[in-house]
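Asks: File coords_29.cif below, mmCIF, C-alpha atoms:
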data_data
loop_
_atom_site.label_atom_id
_atom_site.label_comp_id
_atom_site.auth_asym_id
_atom_site.auth_seq_id
_atom_site.Cartn_x
_atom_site.Cartn_y
_atom_site.Cartn_z
CA MET A 1 0.00 0.00 0.00
CA THR A 2 1.05 3.57 -0.63
CA VAL A 3 2.89 5.16 2.26
CA SER A 4 1.04 8.33 3.21
CA PRO A 5 0.69 10.56 6.25
CA ASP A 6 -3.07 10.60 5.60
CA ARG A 7 -3.80 6.97 6.31
CA GLU A 8 -7.17 6.22 7.89
CA LYS A 9 -8.92 3.12 9.17
CA ILE A 10 -10.51 1.35 6.22
CA GLN A 11 -13.82 1.08 8.07
CA LYS A 12 -13.97 4.88 8.31
CA VAL A 13 -12.96 5.37 4.65
CA ILE A 14 -15.73 3.06 3.42
CA ALA A 15 -18.31 4.84 5.57
CA ALA A 16 -17.12 8.32 4.59
CA ALA A 17 -17.51 7.39 0.92
CA GLY A 18 -21.22 6.84 1.54
CA VAL A 19 -21.16 3.09 0.88
CA CYS A 20 -22.71 2.17 4.23
CA SER A 21 -22.39 2.80 7.96
CA ARG A 22 -19.23 1.93 9.92
CA ARG A 23 -20.95 -1.08 11.46
CA ALA A 24 -22.03 -2.36 8.04
CA ALA A 25 -18.50 -1.74 6.71
CA LEU A 26 -17.16 -4.02 9.44
CA GLU A 27 -19.49 -6.78 8.24
CA LEU A 28 -18.36 -6.30 4.62
CA ILE A 29 -14.73 -6.70 5.70
CA ARG A 30 -15.51 -9.82 7.75
CA ALA A 31 -17.34 -11.27 4.75
CA GLY A 32 -14.25 -10.84 2.55
CA ARG A 33 -15.97 -8.37 0.22
CA ILE A 34 -13.37 -5.59 0.50
CA ARG A 35 -10.05 -5.56 -1.36
CA VAL A 36 -7.17 -3.09 -1.16
CA ASN A 37 -4.75 -2.99 -4.06
CA GLY A 38 -6.03 -6.36 -5.24
CA GLN A 39 -5.79 -8.15 -1.88
CA THR A 40 -8.77 -9.15 0.26
CA VAL A 41 -8.76 -7.36 3.59
CA ALA A 42 -9.36 -9.37 6.76
CA ASP A 43 -8.34 -6.85 9.42
CA PRO A 44 -10.89 -4.03 10.01
CA ALA A 45 -8.21 -2.02 11.84
CA ILE A 46 -5.98 -1.75 8.78
CA ARG A 47 -5.18 1.79 7.67
CA VAL A 48 -5.26 2.90 4.05
CA ASP A 49 -4.58 5.98 1.96
CA PRO A 50 -7.96 6.94 0.47
CA ALA A 51 -6.31 8.91 -2.34
CA GLY A 52 -3.52 6.48 -3.17
CA ASP A 53 -4.85 2.96 -2.55
CA LEU A 54 -7.29 1.10 -4.78
CA ILE A 55 -10.17 0.13 -2.49
CA GLU A 56 -12.87 -2.16 -3.92
CA PHE A 57 -16.23 -3.49 -2.75
CA ASP A 58 -17.34 -6.60 -4.65
CA GLY A 59 -14.93 -5.64 -7.42
CA ARG A 60 -16.19 -2.06 -7.76
CA ARG A 61 -13.91 0.82 -6.88
CA ILE A 62 -14.84 2.87 -3.83
CA GLU A 63 -14.30 6.53 -4.62
CA PRO A 64 -12.99 8.47 -1.61
CA ALA A 65 -15.13 11.23 -0.20
CA ARG A 66 -14.05 14.50 -1.81
CA THR A 67 -16.87 16.85 -0.93
CA ARG A 68 -18.50 17.92 2.30
CA PRO A 69 -21.52 15.85 3.29
CA GLU A 70 -25.04 16.72 2.23
CA GLY A 71 -28.25 16.00 4.08
CA LEU A 72 -31.99 16.27 4.08
CA VAL A 73 -34.73 16.31 6.69
CA LEU A 74 -37.91 14.29 6.23
CA PHE A 75 -41.10 14.73 8.24
CA LYS A 76 -41.78 11.00 8.54
CA ARG A 77 -45.39 9.91 8.58
CA ALA A 78 -46.60 7.19 10.91
CA GLY A 79 -47.03 3.85 9.16
CA TYR A 80 -43.68 3.88 7.31
CA VAL A 81 -40.78 1.60 8.21
CA THR A 82 -37.31 3.10 8.68
CA SER A 83 -35.41 0.75 6.40
CA ALA A 84 -33.93 0.70 2.90
CA ALA A 85 -35.96 -2.43 2.12
CA ASP A 86 -38.57 -4.35 4.07
CA PRO A 87 -38.91 -8.16 3.78
CA HIS A 88 -42.63 -7.84 4.53
CA HIS A 89 -43.09 -5.39 1.61
CA ARG A 90 -44.29 -2.56 3.82
CA ASN A 91 -43.79 1.05 2.74
CA THR A 92 -40.42 2.43 3.84
CA VAL A 93 -39.32 5.98 4.53
CA TYR A 94 -37.58 6.00 1.14
CA HIS A 95 -41.04 5.89 -0.49
CA LEU A 96 -41.69 9.29 1.08
CA LEU A 97 -38.70 10.88 -0.67
CA PRO A 98 -39.28 12.68 -3.98
CA ALA A 99 -38.28 10.67 -7.05
CA ARG A 100 -35.26 12.92 -7.66
CA GLU A 101 -33.84 11.98 -4.23
CA ARG A 102 -34.41 8.20 -4.31
CA ASN A 103 -31.44 7.48 -6.60
CA ARG A 104 -28.98 9.18 -4.28
CA LYS A 105 -27.03 7.32 -1.59
CA TRP A 106 -29.01 8.64 1.36
CA LEU A 107 -28.37 6.92 4.70
CA TYR A 108 -30.78 7.55 7.57
CA ALA A 109 -29.32 8.60 10.90
CA GLY A 110 -31.25 6.90 13.67
CA ARG A 111 -34.48 4.97 13.24
CA LEU A 112 -38.01 5.97 14.02
CA ASP A 113 -40.35 3.03 14.57
CA LYS A 114 -43.31 2.47 12.26
CA ASP A 115 -45.85 4.17 14.51
CA THR A 116 -43.68 7.21 15.28
CA GLU A 117 -43.58 10.33 13.14
CA GLY A 118 -41.36 13.37 12.96
CA LEU A 119 -37.85 14.40 12.04
CA LEU A 120 -35.80 11.77 10.20
CA LEU A 121 -32.36 12.87 9.05
CA PHE A 122 -30.62 11.53 5.95
CA VAL A 123 -26.98 12.17 5.02
CA ASN A 124 -24.64 10.79 2.35
CA SER A 125 -21.75 9.96 4.69
CA GLY A 126 -21.59 6.77 6.73
CA ASP A 127 -19.02 8.30 9.06
CA LEU A 128 -21.37 11.19 9.77
CA VAL A 129 -24.17 8.69 10.53
CA HIS A 130 -21.84 7.03 13.06
CA ARG A 131 -21.09 10.33 14.77
CA LEU A 132 -24.74 11.38 14.82
CA THR A 133 -25.99 8.13 16.35
CA HIS A 134 -23.21 6.90 18.64
CA PRO A 135 -24.02 7.85 22.27
CA SER A 136 -20.45 9.06 22.88
CA PHE A 137 -21.12 12.12 20.69
CA LYS A 138 -24.12 13.05 22.88
CA ILE A 139 -26.34 14.35 20.08
CA GLU A 140 -29.68 15.15 21.68
CA LYS A 141 -33.02 14.21 20.12
CA HIS A 142 -36.22 15.94 21.25
CA TYR A 143 -39.62 14.22 21.27
CA LEU A 144 -43.23 15.17 21.88
CA VAL A 145 -44.78 12.30 23.83
CA GLU A 146 -48.48 11.95 24.59
CA ILE A 147 -49.62 9.32 27.07
CA ALA A 148 -52.98 8.10 28.30
CA GLY A 149 -53.79 9.27 31.80
CA ARG A 150 -51.48 11.07 34.23
CA ILE A 151 -47.88 10.61 35.30
CA THR A 152 -46.44 11.42 38.73
CA GLY A 153 -43.34 13.40 39.59
CA SER A 154 -41.82 10.22 40.99
CA GLN A 155 -42.32 8.45 37.67
CA LEU A 156 -40.72 11.34 35.78
CA GLY A 157 -37.74 11.04 38.10
CA GLN A 158 -37.42 7.35 37.26
CA LEU A 159 -37.07 8.24 33.58
CA THR A 160 -34.05 10.46 34.23
CA ARG A 161 -32.50 8.19 36.87
CA GLY A 162 -32.76 5.23 34.51
CA LEU A 163 -34.58 1.94 34.17
CA GLU A 164 -33.15 -1.50 33.45
CA ILE A 165 -35.10 -3.07 30.58
CA ASP A 166 -34.16 -6.38 28.98
CA GLY A 167 -30.73 -6.18 30.55
CA ARG A 168 -30.05 -2.65 29.25
CA GLN A 169 -29.87 0.49 31.38
CA MET A 170 -32.01 3.14 29.72
CA ARG A 171 -32.44 6.76 30.74
CA VAL A 172 -33.54 10.06 29.26
CA ASP A 173 -31.60 13.30 29.65
CA HIS A 174 -34.55 15.57 30.39
CA VAL A 175 -38.33 15.30 30.65
CA ARG A 176 -40.92 17.96 31.37
CA ARG A 177 -44.69 18.02 31.51
CA LEU A 178 -46.20 20.27 28.82
CA ALA A 179 -49.92 19.89 29.46
CA SER A 180 -52.61 17.67 30.93
CA ALA A 181 -56.01 17.70 29.32
CA GLY A 182 -58.93 15.30 29.37
CA GLU A 183 -57.58 11.79 29.78
CA GLY A 184 -54.03 12.43 28.57
CA THR A 185 -50.71 14.13 29.30
CA ALA A 186 -48.23 15.73 26.88
CA LEU A 187 -44.51 15.75 27.67
CA GLU A 188 -41.22 16.77 26.09
CA VAL A 189 -38.50 14.13 26.31
CA VAL A 190 -34.84 14.70 25.42
CA LEU A 191 -32.32 11.88 25.09
CA HIS A 192 -29.08 10.99 23.35
CA GLN A 193 -28.93 7.26 24.11
CA GLY A 194 -31.17 5.91 21.36
CA GLU A 195 -31.95 2.28 22.22
CA LYS A 196 -34.53 0.52 20.03
CA ARG A 197 -38.06 1.82 20.82
CA GLN A 198 -36.54 3.35 23.94
CA ILE A 199 -39.21 5.91 24.80
CA ARG A 200 -42.11 3.54 24.30
CA ARG A 201 -40.40 0.81 26.32
CA MET A 202 -39.54 3.14 29.21
CA PHE A 203 -43.08 4.48 29.51
CA GLU A 204 -44.49 0.96 29.22
CA ARG A 205 -42.27 -0.08 32.13
CA LEU A 206 -43.90 2.69 34.19
CA GLY A 207 -47.35 1.46 33.20
CA CYS A 208 -48.02 4.40 30.86
CA GLU A 209 -49.44 3.91 27.37
CA VAL A 210 -47.84 6.11 24.68
CA THR A 211 -50.64 7.27 22.37
CA TYR A 212 -48.56 9.61 20.16
CA LEU A 213 -44.84 10.09 19.57
CA ARG A 214 -43.08 12.60 17.34
CA ARG A 215 -39.39 13.54 17.06
CA THR A 216 -39.26 17.33 16.90
CA ALA A 217 -35.51 18.01 16.80
CA PHE A 218 -32.25 16.19 16.06
CA GLY A 219 -29.21 18.03 17.40
CA PRO A 220 -29.46 21.59 16.04
CA LEU A 221 -32.06 20.64 13.39
CA THR A 222 -35.84 21.10 13.60
CA LEU A 223 -38.73 20.33 11.25
CA GLY A 224 -39.34 24.00 10.56
CA THR A 225 -42.37 24.47 8.31
CA LEU A 226 -42.44 20.91 6.94
CA SER A 227 -45.74 19.03 6.88
CA PRO A 228 -46.00 15.24 7.31
CA GLY A 229 -44.51 13.49 4.28
CA GLN A 230 -42.50 16.51 3.13
CA CYS A 231 -38.70 16.81 3.03
CA ARG A 232 -36.08 19.46 2.33
CA ARG A 233 -32.34 19.64 1.80
CA LEU A 234 -30.22 21.02 4.62
CA SER A 235 -28.95 24.53 4.07
CA ALA A 236 -25.21 25.25 4.22
CA GLY A 237 -25.73 26.85 7.63
CA GLU A 238 -27.60 23.82 8.98
CA MET A 239 -24.89 21.46 7.73
CA ASN A 240 -22.22 23.63 9.36
CA MET A 241 -24.06 23.39 12.69
CA LEU A 242 -24.45 19.62 12.30
CA LEU A 243 -20.77 19.08 11.48
CA GLU A 244 -19.71 21.26 14.36
CA ALA A 245 -22.02 19.33 16.75
CA VAL A 246 -20.23 16.05 15.95
CA GLY A 247 -16.72 17.46 16.12
CA TYR A 248 -15.88 18.16 12.49
CA GLY A 249 -16.00 21.91 12.86
CA PRO A 250 -17.68 24.12 10.25
CA GLY A 251 -16.97 23.04 6.68
#
Starting from the file, give its structure as structure tokens.
Replies:
Amino acid sequence: MTVSPDREKIQKVIAAAGVCSRRAALELIRAGRIRVNGQTVADPAIRVDPAGDLIEFDGRRIEPARTRPEGLVLFKRAGYVTSAADPHHRNTVYHLLPARERNRKWLYAGRLDKDTEGLLLFVNSGDLVHRLTHPSFKIEKHYLVEIAGRITGSQLGQLTRGLEIDGRQMRVDHVRRLASAGEGTALEVVLHQGEKRQIRRMFERLGCEVTYLRRTAFGPLTLGTLSPGQCRRLSAGEMNMLLEAVGYGPG
């Protein structure tokens, strides 16, 4: 391989090129589907020169990332699955994207379950997805949660102190009561952890039924004026804020 001061872990290079996430890149390497300069790579910790080495995935060259990432925000509707493809042939979030966007290599950053709506972020960099979703980067997500009935102050405290569910310790960063009306209560929940169906599972553990759930913000990004099913590209200013939030600094 070419000797270069700019060598990076191959897992990061693959993700930065928009091929897939870092985790998926690790699986590609383990499956023997990645070659560097004609040789199959077995070690995911190997470092390469993105500009000088020939990196291939299933025989196709991986072009190194040369431009700053791009992104878009979708107001996800309930009833759509957050997946590139669904084995049960359900509608996915990619069906909500305009036709002109579906042929691009958009990767979603953090899932929303089928019954949840709100802000879903797409970017074209797997490394950026990693930074946006890994708990160590502490990117906060804000949610509007509506539950049936009332919730006590003690129960709210349990959410921030943490609950052990299925062997995992789950907690939210902040929670506040917004309103109580009729037979329900509205709350704002902020978290950075992001376990699967975390909010629903935590409220269920407390005996509270979640009747409505919407993500309203992801890091510095909000839905703005979007209506359900609509999407928009991130502005240069929004992308700068996003990159800065994950440690890249403004681009």
Asks: So how far away is CA of Glu209 (chain A) from CA of Ser180 (chain A), in Å?
Replies: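 A separation of 14.6 Å between them.
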Asks: Give me, as a PyMOL selection string, all polymer residues having an atom no more than 10 Å from region 23-37 of chain A, counting only C-alpha atoms and skipping those fewer than 2 positions away in the same chain.
Replies: chain A and resi 1-2+10-15+19-21+39-45+48-49+52-62+126-127+130
Asks: Using the chain letters and numbers from the file, which residues does the PyMOL selection byres ((chain A and resi 145) around 6) grab, as a list of chain:residue names?
Replies: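 Taken on the displayed file, the PyMOL selection byres ((chain A and resi 145) around 6) yields the residues A:Leu144, A:Glu146, A:Ala186, A:Leu187, A:Tyr212, A:Leu213.
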Asks: Could you take the residues named above and write them with C-alpha atoms, as an mmCIF file, in the coordinates of the input?
Replies:
data_model
loop_
_atom_site.group_PDB
_atom_site.id
_atom_site.type_symbol
_atom_site.label_atom_id
_atom_site.label_comp_id
_atom_site.auth_asym_id
_atom_site.auth_seq_id
_atom_site.Cartn_x
_atom_site.Cartn_y
_atom_site.Cartn_z
ATOM 1 C CA LEU A 144 -43.230 15.170 21.880
ATOM 2 C CA GLU A 146 -48.480 11.950 24.590
ATOM 3 C CA ALA A 186 -48.230 15.730 26.880
ATOM 4 C CA LEU A 187 -44.510 15.750 27.670
ATOM 5 C CA TYR A 212 -48.560 9.610 20.160
ATOM 6 C CA LEU A 213 -44.840 10.090 19.570
#
Asks: For CA of Glu188 (chain A) and CA of Glu117 (chain A), determine how far apart the two atoms are, in Å to one decimal place.
Replies: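 Straight-line distance from CA of Glu188 (chain A) to CA of Glu117 (chain A) works out to 14.7 Å.
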Asks: Would you pick out the contacts of Ile151 (chain A) at 8 Å or less, using all atoms listed in the file, so that residues sharing its chain but fewer than 4 positions from it are not included, and give the list as a list in words?
Replies: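 Surrounding residues, per the criterion: Gln155, Leu156, Thr185 and Cys208 of chain A.
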Asks: Step by step, work through what the PyMOL selection byres ((chain A and resi 93) around 12) selects in the shown file, and finish by giving those residues as JSON, numbers by chain.
Replies: {"A": [73, 74, 75, 76, 77, 78, 79, 80, 81, 82, 83, 84, 85, 86, 90, 91, 92, 94, 95, 96, 97, 98, 101, 102, 106, 107, 108, 111, 112, 113, 114, 116, 117, 118, 119, 120, 121, 122, 228, 229, 230, 231]}
